[in-house]
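S.K.: The following file, run24.txt, comprises compact mmCIF, C-alpha atoms:
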```
# COMPACT_ATOMS: atom_id res chain seq x y z
CA MET A 1 -91.40 277.39 3.41
CA SER A 2 -94.23 278.64 1.28
CA ALA A 3 -93.51 280.83 -1.68
CA THR A 4 -97.17 281.20 -2.47
CA LYS A 5 -97.94 283.49 0.49
CA PRO A 6 -95.15 286.05 0.63
CA SER A 7 -95.41 288.79 3.29
CA VAL A 8 -94.68 291.39 0.60
CA GLY A 9 -95.75 290.89 -3.01
CA TYR A 10 -93.06 289.85 -5.50
CA HIS A 11 -94.18 292.72 -7.75
CA THR A 12 -93.58 295.21 -4.92
CA ILE A 13 -90.05 293.89 -4.37
CA TRP A 14 -89.34 294.13 -8.11
CA VAL A 15 -90.52 297.76 -8.11
CA TRP A 16 -88.27 298.50 -5.10
CA LEU A 17 -85.32 296.85 -6.86
CA MET A 18 -85.89 299.09 -9.88
CA ILE A 19 -86.17 302.20 -7.71
CA LEU A 20 -82.93 301.27 -5.91
CA LEU A 21 -81.22 300.68 -9.26
CA ALA A 22 -82.28 304.17 -10.36
CA ILE A 23 -81.03 305.65 -7.07
CA GLY A 24 -77.68 303.84 -7.44
CA VAL A 25 -77.20 305.19 -10.97
CA ALA A 26 -78.37 308.69 -9.96
CA LEU A 27 -75.75 308.76 -7.21
CA LEU A 28 -73.09 309.01 -9.94
CA ALA A 29 -74.27 312.57 -10.61
CA ALA A 30 -74.97 313.46 -6.97
CA PRO A 31 -73.12 316.53 -5.64
CA VAL A 32 -71.21 314.56 -3.00
CA SER A 33 -67.57 313.55 -2.64
CA LYS A 34 -66.36 310.42 -4.44
CA THR A 35 -65.92 308.53 -1.15
CA VAL A 36 -69.47 309.31 0.01
CA ALA A 37 -70.86 308.36 -3.42
CA VAL A 38 -69.03 304.99 -3.34
CA ILE A 39 -70.30 304.26 0.20
CA LEU A 40 -73.87 305.17 -0.82
CA ILE A 41 -73.69 303.13 -4.06
CA PHE A 42 -72.59 300.02 -2.17
CA SER A 43 -75.16 300.61 0.57
CA VAL A 44 -77.87 300.68 -2.11
CA ALA A 45 -76.42 297.48 -3.67
CA SER A 46 -76.45 295.80 -0.24
CA VAL A 47 -80.11 296.72 0.27
CA LYS A 48 -80.93 295.27 -3.17
CA ALA A 49 -79.09 292.03 -2.32
CA PHE A 50 -80.90 291.90 1.04
CA LEU A 51 -84.28 292.24 -0.67
CA VAL A 52 -83.49 289.41 -3.10
CA LEU A 53 -82.18 287.17 -0.31
CA ARG A 54 -85.08 287.85 2.04
CA HIS A 55 -88.05 287.97 -0.31
CA TYR A 56 -87.02 285.95 -3.38
CA MET A 57 -84.69 283.36 -1.79
CA HIS A 58 -86.82 283.23 1.38
CA VAL A 59 -83.71 283.10 3.55
CA ARG A 60 -85.69 284.02 6.66
CA HIS A 61 -87.50 280.68 6.45
CA GLN A 62 -84.27 278.68 6.34
CA PRO A 63 -82.81 276.81 9.33
CA LEU A 64 -79.85 278.21 11.28
CA MET A 65 -77.50 275.81 9.51
CA VAL A 66 -78.06 277.60 6.19
CA TYR A 67 -77.08 280.92 7.80
CA VAL A 68 -73.90 279.29 9.15
CA MET A 69 -73.12 277.74 5.75
CA LEU A 70 -73.41 281.15 4.07
CA ALA A 71 -71.72 283.17 6.80
CA VAL A 72 -68.51 281.11 6.99
CA PRO A 73 -67.34 281.60 3.35
CA LEU A 74 -68.56 285.22 3.44
CA LEU A 75 -66.43 285.95 6.52
CA LEU A 76 -63.49 284.08 4.98
CA ALA A 77 -63.74 286.16 1.80
CA ILE A 78 -63.86 289.39 3.84
CA ALA A 79 -60.96 288.19 6.01
CA LEU A 80 -58.95 287.42 2.86
CA ALA A 81 -59.28 291.04 1.74
CA ILE A 82 -58.51 292.44 5.21
CA VAL A 83 -55.38 290.36 5.83
CA LEU A 84 -54.00 291.40 2.44
CA MET A 85 -54.69 295.09 3.09
CA PRO A 86 -51.31 295.76 4.85
CA ASP A 87 -49.58 294.73 1.62
CA ILE A 88 -51.15 297.81 0.00
CA ALA A 89 -50.97 300.13 3.02
CA PHE A 90 -47.23 299.54 3.64
CA ARG A 91 -46.14 299.19 0.05
CA MET B 28 -89.02 250.75 17.65
CA SER B 29 -90.89 248.50 15.20
CA SER B 30 -89.30 247.49 11.92
CA ALA B 31 -91.76 249.77 10.10
CA GLY B 32 -90.71 252.63 12.36
CA VAL B 33 -87.03 251.96 11.66
CA ALA B 34 -87.68 251.91 7.92
CA GLU B 35 -89.61 255.17 8.12
CA HIS B 36 -86.88 256.79 10.22
CA SER B 37 -84.10 255.80 7.84
CA HIS B 38 -86.13 257.06 4.88
CA ALA B 39 -86.53 260.45 6.59
CA ASP B 40 -82.79 260.52 7.33
CA SER B 41 -81.95 259.89 3.71
CA THR B 42 -84.16 262.66 2.35
CA GLU B 43 -84.09 265.37 5.01
CA PHE B 44 -81.56 267.20 7.10
CA THR B 45 -82.52 269.78 9.74
CA GLY B 46 -86.07 269.54 8.40
CA GLN B 47 -85.04 270.50 4.88
CA PRO B 48 -84.85 268.26 1.80
CA LEU B 49 -81.30 267.10 1.13
CA GLY B 50 -81.44 268.52 -2.40
CA LYS B 51 -82.15 271.99 -1.05
CA ILE B 52 -79.36 271.75 1.53
CA GLY B 53 -77.09 270.65 -1.33
CA VAL B 54 -77.99 273.76 -3.33
CA TRP B 55 -77.30 276.01 -0.33
CA TRP B 56 -73.97 274.20 0.20
CA PHE B 57 -73.05 274.78 -3.44
CA LEU B 58 -74.01 278.46 -3.19
CA ALA B 59 -71.84 278.79 -0.06
CA SER B 60 -68.86 277.51 -2.05
CA GLU B 61 -69.69 279.99 -4.79
CA ILE B 62 -69.51 282.85 -2.26
CA MET B 63 -65.86 281.95 -1.76
CA VAL B 64 -65.20 281.92 -5.53
CA PHE B 65 -66.80 285.32 -6.21
CA GLY B 66 -65.82 286.72 -2.80
CA GLY B 67 -62.16 285.94 -3.45
CA LEU B 68 -62.33 287.53 -6.91
CA ILE B 69 -64.15 290.64 -5.69
CA GLY B 70 -61.76 291.01 -2.72
CA SER B 71 -58.72 290.74 -5.02
CA TYR B 72 -60.29 293.26 -7.42
CA ILE B 73 -60.91 295.81 -4.65
CA LEU B 74 -57.36 295.45 -3.28
CA SER B 75 -55.74 295.67 -6.72
CA ARG B 76 -57.88 298.69 -7.57
CA ILE B 77 -56.87 300.52 -4.39
CA ALA B 78 -53.23 299.67 -5.08
CA ALA B 79 -53.52 300.92 -8.68
CA GLY B 80 -55.15 304.22 -7.67
CA GLY B 81 -58.71 303.60 -8.89
CA TRP B 82 -58.42 302.67 -12.59
CA ALA B 83 -60.45 305.78 -13.52
CA ALA B 84 -59.09 305.93 -17.09
CA GLU B 85 -59.83 302.26 -17.79
CA ARG B 86 -63.29 302.41 -16.27
CA ALA B 87 -64.25 305.31 -18.54
CA HIS B 88 -64.36 302.79 -21.42
CA VAL B 89 -66.97 300.41 -19.96
CA ASN B 90 -70.50 300.70 -21.33
CA THR B 91 -72.69 301.70 -18.37
CA THR B 92 -75.89 301.93 -20.47
CA ILE B 93 -75.71 298.26 -21.51
CA ALA B 94 -74.88 297.31 -17.91
CA ILE B 95 -77.98 299.16 -16.65
CA ILE B 96 -80.15 297.38 -19.24
CA ASN B 97 -78.58 294.05 -18.23
CA THR B 98 -79.27 294.78 -14.54
CA ILE B 99 -82.94 295.44 -15.33
CA VAL B 100 -83.07 292.21 -17.37
CA LEU B 101 -81.46 290.08 -14.62
CA VAL B 102 -83.50 291.57 -11.76
CA THR B 103 -86.66 291.00 -13.80
CA SER B 104 -85.60 287.39 -14.41
CA SER B 105 -85.29 286.95 -10.63
CA PHE B 106 -88.91 288.08 -10.40
CA THR B 107 -90.06 285.64 -13.09
CA VAL B 108 -88.20 282.70 -11.54
CA VAL B 109 -89.73 283.32 -8.11
CA LYS B 110 -93.15 283.50 -9.79
CA ALA B 111 -92.37 280.14 -11.46
CA HIS B 112 -91.47 278.70 -8.05
CA ALA B 113 -94.69 280.07 -6.49
CA ALA B 114 -96.73 278.59 -9.36
CA ALA B 115 -94.97 275.21 -8.94
CA GLU B 116 -95.82 275.22 -5.23
CA ALA B 117 -99.43 275.95 -6.12
CA ASP B 118 -99.27 272.99 -8.55
CA ASP B 119 -100.02 275.31 -11.47
CA ARG B 120 -97.90 273.61 -14.11
CA SER B 121 -98.70 275.86 -17.07
CA LYS B 122 -97.97 279.07 -15.12
CA ALA B 123 -94.76 277.59 -13.68
CA ARG B 124 -93.56 276.64 -17.17
CA GLN B 125 -94.61 280.00 -18.59
CA PHE B 126 -92.61 281.97 -16.00
CA MET B 127 -89.65 279.60 -16.35
CA LEU B 128 -89.66 280.23 -20.11
CA TYR B 129 -89.66 284.00 -19.46
CA THR B 130 -86.65 283.47 -17.18
CA VAL B 131 -84.80 281.55 -19.91
CA ILE B 132 -85.57 284.28 -22.46
CA LEU B 133 -84.38 287.01 -20.08
CA GLY B 134 -81.21 285.00 -19.34
CA CYS B 135 -80.54 284.73 -23.08
CA MET B 136 -81.14 288.49 -23.46
CA PHE B 137 -78.57 289.13 -20.71
CA LEU B 138 -75.97 287.01 -22.54
CA CYS B 139 -76.74 288.70 -25.89
CA PHE B 140 -76.26 292.17 -24.39
CA LYS B 141 -73.07 290.99 -22.69
CA GLY B 142 -71.82 289.51 -25.95
CA TYR B 143 -72.54 292.79 -27.74
CA GLU B 144 -70.71 294.69 -24.98
CA TYR B 145 -67.69 292.37 -25.27
CA SER B 146 -67.62 292.74 -29.06
CA ARG B 147 -67.60 296.56 -28.78
CA GLU B 148 -64.78 296.46 -26.25
CA ILE B 149 -62.69 293.99 -28.23
CA GLU B 150 -63.27 296.13 -31.36
CA HIS B 151 -61.65 299.01 -29.47
CA GLY B 152 -58.68 296.81 -28.58
CA LEU B 153 -59.76 296.30 -24.97
CA THR B 154 -58.96 292.64 -24.34
CA PRO B 155 -58.00 290.72 -21.17
CA ALA B 156 -54.38 291.47 -22.09
CA SER B 157 -54.95 295.24 -22.07
CA GLY B 158 -54.22 295.61 -18.37
CA LEU B 159 -55.10 294.41 -14.90
CA PHE B 160 -58.50 296.13 -14.89
CA TRP B 161 -59.53 294.41 -18.11
CA SER B 162 -58.20 291.09 -16.81
CA PHE B 163 -60.46 291.42 -13.78
CA TYR B 164 -63.34 292.75 -15.89
CA TYR B 165 -63.32 289.81 -18.31
CA THR B 166 -62.67 287.23 -15.57
CA MET B 167 -65.47 288.42 -13.28
CA THR B 168 -68.08 289.14 -15.96
CA GLY B 169 -67.02 286.03 -17.92
CA LEU B 170 -67.34 283.75 -14.89
CA HIS B 171 -70.67 285.36 -14.07
CA GLY B 172 -71.81 284.93 -17.68
CA LEU B 173 -70.83 281.26 -17.47
CA HIS B 174 -73.06 280.93 -14.40
CA VAL B 175 -75.90 282.60 -16.30
CA LEU B 176 -75.40 280.11 -19.15
CA VAL B 177 -75.50 277.15 -16.73
CA GLY B 178 -78.64 278.63 -15.15
CA ILE B 179 -80.29 278.95 -18.57
CA ILE B 180 -79.51 275.28 -19.32
CA ILE B 181 -80.90 274.17 -15.93
CA ASN B 182 -84.02 276.33 -16.27
CA PHE B 183 -84.68 275.24 -19.84
CA SER B 184 -84.23 271.55 -18.91
CA LEU B 185 -86.73 272.07 -16.10
CA PHE B 186 -89.13 273.82 -18.47
CA ILE B 187 -88.99 270.84 -20.86
CA ALA B 188 -89.19 268.19 -18.12
CA ALA B 189 -92.14 269.95 -16.43
CA GLY B 190 -94.16 269.48 -19.61
CA GLY B 191 -94.05 265.70 -19.27
CA ALA B 192 -95.28 263.05 -16.87
CA ALA B 193 -92.46 263.77 -14.42
CA TRP B 194 -94.11 267.01 -13.20
CA PRO B 195 -95.23 265.73 -9.74
CA HIS B 196 -91.69 264.48 -9.04
CA ILE B 197 -89.78 267.52 -10.26
CA LYS B 198 -91.90 270.52 -9.31
CA HIS B 199 -89.88 271.05 -6.11
CA ARG B 200 -86.81 271.58 -8.32
CA PHE B 201 -88.23 274.94 -9.40
CA GLU B 202 -87.22 276.18 -5.97
CA TYR B 203 -83.67 274.79 -6.28
CA ALA B 204 -83.23 276.30 -9.75
CA GLY B 205 -84.64 279.57 -8.40
CA LEU B 206 -82.14 279.66 -5.52
CA TYR B 207 -79.25 279.31 -7.97
CA TRP B 208 -80.69 281.94 -10.30
CA HIS B 209 -81.22 284.44 -7.47
CA PHE B 210 -77.63 283.90 -6.36
CA VAL B 211 -76.43 284.74 -9.87
CA ASP B 212 -78.57 287.89 -9.65
CA VAL B 213 -77.08 288.85 -6.25
CA VAL B 214 -73.55 288.44 -7.64
CA TRP B 215 -74.44 290.80 -10.51
CA ILE B 216 -75.95 293.30 -8.04
CA PHE B 217 -72.41 293.70 -6.63
CA LEU B 218 -70.47 293.36 -9.90
CA PHE B 219 -72.50 296.16 -11.50
CA PRO B 220 -71.43 298.97 -9.10
CA LEU B 221 -67.92 297.53 -8.74
CA LEU B 222 -67.18 297.58 -12.47
CA TYR B 223 -69.50 300.26 -13.83
CA LEU B 224 -70.51 302.77 -11.15
CA ALA B 225 -68.11 303.20 -8.24
```
Show me, as structure tokens, the structure contained in the file I just sent.

M.R.:
Amino acid sequence: MSATKPSVGYHTIWVWLMILLAIGVALLAAPVSKTVAVILIFSVASVKAFLVLRHYMHVRHQPLMVYVMLAVPLLLAIALAIVLMPDIAFR
Amino acid sequence: MSSAGVAEHSHADSTEFTGQPLGKIGVWWFLASEIMVFGGLIGSYILSRIAAGGWAAERAHVNTTIAIINTIVLVTSSFTVVKAHAAAEADDRSKARQFMLYTVILGCMFLCFKGYEYSREIEHGLTPASGLFWSFYYTMTGLHGLHVLVGIIINFSLFIAAGGAAWPHIKHRFEYAGLYWHFVDVVWIFLFPLLYLA
């Protein structure tokens, strides 16, 4: 992995992260329903996280094993929330 | 295989795994375990919030302005730490140290703003005992703040060590420290909308 020759400049990514932060905050005042606003806010947050992972952590240059190592706990954490959902739904 | 070949092979086995240095794999492994820690907390928070009907009244008391400033500070520190890593790869010691120092300063700024935010909330009687929302708020931001503190210590140690004769042996650690710091940033990227926006 070489951090010295990024495909997109680190400055550019930083600018995008700032723009996305502004969009996320602006969505609070957007004339959309609360549910749509929440979905959009978390979509923006996911894009920001993706940019950091891809361009700052250089995840795309990592071997498959790293993806597996990260995916397993992520799926477990999501599964934890899903399996507990009925407790709220049928309360 | 000659004895020299065996020796070379075992050396490679002890320092690399799937073509990556063991230290780097170790950092990724640690970060994977951290996903479970923060993932479990965030999952519990979302479920409890749905069950409690949204916590709109409680969330009206959090300071969004300070959180926005802190997000800018932390995202900028991610930029400086990746610049430090790039400089270390280019064997530019002074630039690597300079950007690592910026990262440490930005990390300290984050903690100062967070401390100020806590003090304001506690002044208004909003403590971890004030309700489930505040319990989650202090646990998640407190645990994240602890990670920032650990990151600052690691980054500062690296900044000091890089100034000495050990530089050729430790410059690859800028990448490891950077991976940890970016992870802390990613966690905040999700905590910010969860606690302050949505």

S.K.: Set the distance at 6 Å and use only C-alpha atoms: which residues neighbour segment 95-106 of chain B once local chain neighbours fewer than 3 positions away are removed? I'd like the list as a list in words.

M.R.: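 Here the qualifying residues turn out to be Thr92, Val109, Thr130, Leu133, Phe137 and His209 of chain B.
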
S.K.: Restricting the calculation to all atoms listed in the file: of A:Val83, A:Ala77, A:Leu51, A:Phe90, which residue gets closest to chain B?

M.R.: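 Ranked by minimum distance to chain B, first place goes to A:Ala77.
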
S.K.: Check the smallest atom-to-atom distance from each of B:Leu218, B:Phe210, B:His88, B:Val54 to His151 of chain B using all atoms listed in the file, then report the winner.

M.R.: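 Using all atoms listed in the file, His151 of chain B sits closest to B:His88.
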
S.K.: Specify as a PyMOL selection string all residues of chain A found within 8 Å of chain B, counting all atoms listed in the file.

M.R.: chain A and resi 2-4+10-11+14+17-18+25+28+37-38+41-42+45-46+48-49+52-53+56-57+63+65-66+69-70+73-74+76-78+80-81+84-85+88

S.K.: Just write the chosen residues, C-alpha atoms, as an mmCIF file, keeping the file's coordinate frame.

M.R.:
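And here's result-v1.cif as it stands now:
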```
data_model
loop_
_atom_site.group_PDB
_atom_site.id
_atom_site.type_symbol
_atom_site.label_atom_id
_atom_site.label_comp_id
_atom_site.auth_asym_id
_atom_site.auth_seq_id
_atom_site.Cartn_x
_atom_site.Cartn_y
_atom_site.Cartn_z
ATOM 1 C CA SER A 2 -94.230 278.640 1.280
ATOM 2 C CA ALA A 3 -93.510 280.830 -1.680
ATOM 3 C CA THR A 4 -97.170 281.200 -2.470
ATOM 4 C CA TYR A 10 -93.060 289.850 -5.500
ATOM 5 C CA HIS A 11 -94.180 292.720 -7.750
ATOM 6 C CA TRP A 14 -89.340 294.130 -8.110
ATOM 7 C CA LEU A 17 -85.320 296.850 -6.860
ATOM 8 C CA MET A 18 -85.890 299.090 -9.880
ATOM 9 C CA VAL A 25 -77.200 305.190 -10.970
ATOM 10 C CA LEU A 28 -73.090 309.010 -9.940
ATOM 11 C CA ALA A 37 -70.860 308.360 -3.420
ATOM 12 C CA VAL A 38 -69.030 304.990 -3.340
ATOM 13 C CA ILE A 41 -73.690 303.130 -4.060
ATOM 14 C CA PHE A 42 -72.590 300.020 -2.170
ATOM 15 C CA ALA A 45 -76.420 297.480 -3.670
ATOM 16 C CA SER A 46 -76.450 295.800 -0.240
ATOM 17 C CA LYS A 48 -80.930 295.270 -3.170
ATOM 18 C CA ALA A 49 -79.090 292.030 -2.320
ATOM 19 C CA VAL A 52 -83.490 289.410 -3.100
ATOM 20 C CA LEU A 53 -82.180 287.170 -0.310
ATOM 21 C CA TYR A 56 -87.020 285.950 -3.380
ATOM 22 C CA MET A 57 -84.690 283.360 -1.790
ATOM 23 C CA PRO A 63 -82.810 276.810 9.330
ATOM 24 C CA MET A 65 -77.500 275.810 9.510
ATOM 25 C CA VAL A 66 -78.060 277.600 6.190
ATOM 26 C CA MET A 69 -73.120 277.740 5.750
ATOM 27 C CA LEU A 70 -73.410 281.150 4.070
ATOM 28 C CA PRO A 73 -67.340 281.600 3.350
ATOM 29 C CA LEU A 74 -68.560 285.220 3.440
ATOM 30 C CA LEU A 76 -63.490 284.080 4.980
ATOM 31 C CA ALA A 77 -63.740 286.160 1.800
ATOM 32 C CA ILE A 78 -63.860 289.390 3.840
ATOM 33 C CA LEU A 80 -58.950 287.420 2.860
ATOM 34 C CA ALA A 81 -59.280 291.040 1.740
ATOM 35 C CA LEU A 84 -54.000 291.400 2.440
ATOM 36 C CA MET A 85 -54.690 295.090 3.090
ATOM 37 C CA ILE A 88 -51.150 297.810 0.000
#
```

S.K.: Would you pick out the contacts of Ile93 of chain B at 8 Å or less, using all atoms listed in the file, so that residues sharing its chain but fewer than 6 positions from it are not included, and give the list as number ranges by chain?

M.R.: B: 140-141, 144

S.K.: Would you compute the distance between atom CA of Ile39 of chain A and atom CA of Ala89 of chain A? Give it in Å to one decimal.

M.R.: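 These two atoms are separated by 20.0 Å.
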
S.K.: Have a look at atom CA of Phe201 of chain B and atom CA of Ile179 of chain B and let me know their distance in Å, one decimal.

M.R.: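 So the two atoms, atom CA of Phe201 of chain B and atom CA of Ile179 of chain B, lie 12.8 Å apart.
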
S.K.: Padding of 8 Å on every side, edges along x, y and z, all listed atoms of segment 11-27 of chain A included: what centre and edge lengths in Å, to one decimal, does that box have, as lines of an AutoDock Vina configuration file?

M.R.:
```
center_x = -85.0
center_y = 300.7
center_z = -7.7
size_x = 34.4
size_y = 32.0
size_z = 22.6
```

S.K.: So how many Å separate atom CA of Leu176 of chain B and atom CA of Ile13 of chain A, to one decimal?

M.R.: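 Pair atom CA of Leu176 of chain B / atom CA of Ile13 of chain A returns 25.0 Å.
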